[in-house]
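A.B. asks: The structure is given below, and queries will be raised subsequently.
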Amino acid sequence: MRATGVALTGLPDGSAQLLAVGMDGNAWHTVRSADGTWAGFGAVRGPWGRALGATGVQIAALPDGRTYGVVNAR
């Protein structure tokens, strides 16, 4: 995937989550399992159900396995 912004965080179980701003200007999300396999990218959707336009992304993992992502929406 080509992207203009990427944020990645690792979780205590060895998995990782990635948020990206795609070349289409929308936010995308994927997960890497602890075994190294990646899920496909999925669009981050806003409350109205459409893809969420973004100018930047951030993501952080907590010790209990939860993650929090921030999308700078446009």
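Naming scheme: A, B, ... for chains in displayed order of the structure tokens; residues 1 onward per chain; ligands 1 onward as shown.
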Write out as a PyMOL selection string which residues come within 10 Å of range 25-39 of chain A when counting only C-alpha atoms, dropping same-chain ones fewer than 5 positions away.
C.D. replies: chain A and resi 1+3-20+44-46+50-57+69+71-74
A.B. asks: Can you write just those residues out, N, CA and C atoms, as an mmCIF file, in the first residue's frame?
C.D. replies:
data_model
loop_
_atom_site.group_PDB
_atom_site.id
_atom_site.type_symbol
_atom_site.label_atom_id
_atom_site.label_comp_id
_atom_site.auth_asym_id
_atom_site.auth_seq_id
_atom_site.Cartn_x
_atom_site.Cartn_y
_atom_site.Cartn_z
ATOM 1 N N MET A 1 0.851 -1.182 0.000
ATOM 2 C CA MET A 1 0.000 0.000 0.000
ATOM 3 C C MET A 1 0.891 1.238 0.000
ATOM 4 N N ALA A 3 1.236 5.151 0.933
ATOM 5 C CA ALA A 3 0.610 5.972 1.961
ATOM 6 C C ALA A 3 1.366 7.286 2.129
ATOM 7 N N THR A 4 0.639 8.276 2.618
ATOM 8 C CA THR A 4 1.259 9.567 2.931
ATOM 9 C C THR A 4 1.558 9.694 4.418
ATOM 10 N N GLY A 5 1.022 8.794 5.230
ATOM 11 C CA GLY A 5 1.278 8.779 6.664
ATOM 12 C C GLY A 5 1.046 7.384 7.209
ATOM 13 N N VAL A 6 1.897 6.988 8.165
ATOM 14 C CA VAL A 6 1.807 5.644 8.744
ATOM 15 C C VAL A 6 2.064 5.738 10.238
ATOM 16 N N ALA A 7 1.315 4.955 11.022
ATOM 17 C CA ALA A 7 1.543 4.805 12.456
ATOM 18 C C ALA A 7 1.449 3.318 12.785
ATOM 19 N N LEU A 8 2.384 2.829 13.581
ATOM 20 C CA LEU A 8 2.466 1.410 13.910
ATOM 21 C C LEU A 8 2.709 1.261 15.394
ATOM 22 N N THR A 9 2.059 0.273 16.022
ATOM 23 C CA THR A 9 2.311 -0.013 17.431
ATOM 24 C C THR A 9 2.359 -1.520 17.638
ATOM 25 N N GLY A 10 3.223 -1.947 18.536
ATOM 26 C CA GLY A 10 3.334 -3.352 18.895
ATOM 27 C C GLY A 10 2.618 -3.624 20.202
ATOM 28 N N LEU A 11 1.986 -4.785 20.293
ATOM 29 C CA LEU A 11 1.243 -5.172 21.484
ATOM 30 C C LEU A 11 2.017 -6.218 22.281
ATOM 31 N N PRO A 12 1.704 -6.366 23.572
ATOM 32 C CA PRO A 12 2.436 -7.306 24.431
ATOM 33 C C PRO A 12 2.395 -8.757 23.945
ATOM 34 N N ASP A 13 1.363 -9.141 23.199
ATOM 35 C CA ASP A 13 1.260 -10.527 22.725
ATOM 36 C C ASP A 13 2.066 -10.794 21.458
ATOM 37 N N GLY A 14 2.789 -9.779 20.954
ATOM 38 C CA GLY A 14 3.600 -9.930 19.756
ATOM 39 C C GLY A 14 2.905 -9.504 18.480
ATOM 40 N N SER A 15 1.642 -9.133 18.568
ATOM 41 C CA SER A 15 0.937 -8.635 17.397
ATOM 42 C C SER A 15 1.232 -7.145 17.225
ATOM 43 N N ALA A 16 0.772 -6.591 16.124
ATOM 44 C CA ALA A 16 0.958 -5.168 15.854
ATOM 45 C C ALA A 16 -0.258 -4.648 15.104
ATOM 46 N N GLN A 17 -0.498 -3.344 15.225
ATOM 47 C CA GLN A 17 -1.571 -2.704 14.475
ATOM 48 C C GLN A 17 -0.998 -1.508 13.739
ATOM 49 N N LEU A 18 -1.498 -1.282 12.528
ATOM 50 C CA LEU A 18 -1.007 -0.223 11.679
ATOM 51 C C LEU A 18 -2.176 0.618 11.187
ATOM 52 N N LEU A 19 -2.022 1.916 11.304
ATOM 53 C CA LEU A 19 -2.953 2.871 10.700
ATOM 54 C C LEU A 19 -2.188 3.615 9.620
ATOM 55 N N ALA A 20 -2.853 3.918 8.512
ATOM 56 C CA ALA A 20 -2.192 4.640 7.429
ATOM 57 C C ALA A 20 -3.172 5.598 6.776
ATOM 58 N N VAL A 44 -11.055 2.799 7.600
ATOM 59 C CA VAL A 44 -11.595 3.299 8.868
ATOM 60 C C VAL A 44 -12.842 4.094 8.496
ATOM 61 N N ARG A 45 -13.952 3.750 9.108
ATOM 62 C CA ARG A 45 -15.221 4.379 8.744
ATOM 63 C C ARG A 45 -15.679 5.347 9.816
ATOM 64 N N GLY A 46 -16.246 6.446 9.362
ATOM 65 C CA GLY A 46 -16.808 7.434 10.274
ATOM 66 C C GLY A 46 -18.176 7.002 10.753
ATOM 67 N N ARG A 50 -19.213 5.935 5.923
ATOM 68 C CA ARG A 50 -18.292 6.115 4.796
ATOM 69 C C ARG A 50 -16.852 6.141 5.287
ATOM 70 N N ALA A 51 -15.935 5.903 4.369
ATOM 71 C CA ALA A 51 -14.511 5.958 4.701
ATOM 72 C C ALA A 51 -14.177 7.329 5.274
ATOM 73 N N LEU A 52 -13.296 7.328 6.265
ATOM 74 C CA LEU A 52 -12.932 8.552 6.975
ATOM 75 C C LEU A 52 -11.717 9.192 6.309
ATOM 76 N N GLY A 53 -11.915 10.380 5.748
ATOM 77 C CA GLY A 53 -10.813 11.129 5.165
ATOM 78 C C GLY A 53 -9.864 11.568 6.266
ATOM 79 N N ALA A 54 -8.566 11.541 5.978
ATOM 80 C CA ALA A 54 -7.580 11.824 7.021
ATOM 81 C C ALA A 54 -6.396 12.599 6.477
ATOM 82 N N THR A 55 -5.786 13.387 7.364
ATOM 83 C CA THR A 55 -4.534 14.066 7.046
ATOM 84 C C THR A 55 -3.375 13.482 7.844
ATOM 85 N N GLY A 56 -3.668 12.720 8.885
ATOM 86 C CA GLY A 56 -2.643 12.093 9.713
ATOM 87 C C GLY A 56 -3.252 11.048 10.619
ATOM 88 N N VAL A 57 -2.403 10.143 11.129
ATOM 89 C CA VAL A 57 -2.856 9.077 12.027
ATOM 90 C C VAL A 57 -1.820 8.846 13.117
ATOM 91 N N GLY A 69 -6.378 4.617 18.564
ATOM 92 C CA GLY A 69 -5.943 5.294 17.356
ATOM 93 C C GLY A 69 -6.574 6.666 17.266
ATOM 94 N N VAL A 71 -7.280 9.643 14.367
ATOM 95 C CA VAL A 71 -7.269 10.012 12.961
ATOM 96 C C VAL A 71 -7.536 11.518 12.885
ATOM 97 N N ASN A 72 -6.611 12.230 12.285
ATOM 98 C CA ASN A 72 -6.832 13.664 12.033
ATOM 99 C C ASN A 72 -7.734 13.749 10.810
ATOM 100 N N ALA A 73 -9.008 13.911 11.063
ATOM 101 C CA ALA A 73 -9.991 13.876 9.973
ATOM 102 C C ALA A 73 -9.960 15.185 9.174
ATOM 103 N N ARG A 74 -10.260 15.030 7.900
ATOM 104 C CA ARG A 74 -10.356 16.236 7.062
ATOM 105 C C ARG A 74 -11.787 16.490 6.704
#
A.B. asks: Could you give me the residues within chain A that DSSP places in strand (DSSP E), as a PyMOL selection string?
C.D. replies: chain A and resi 3-10+16-22+27-32+42-43+54-61+67-73
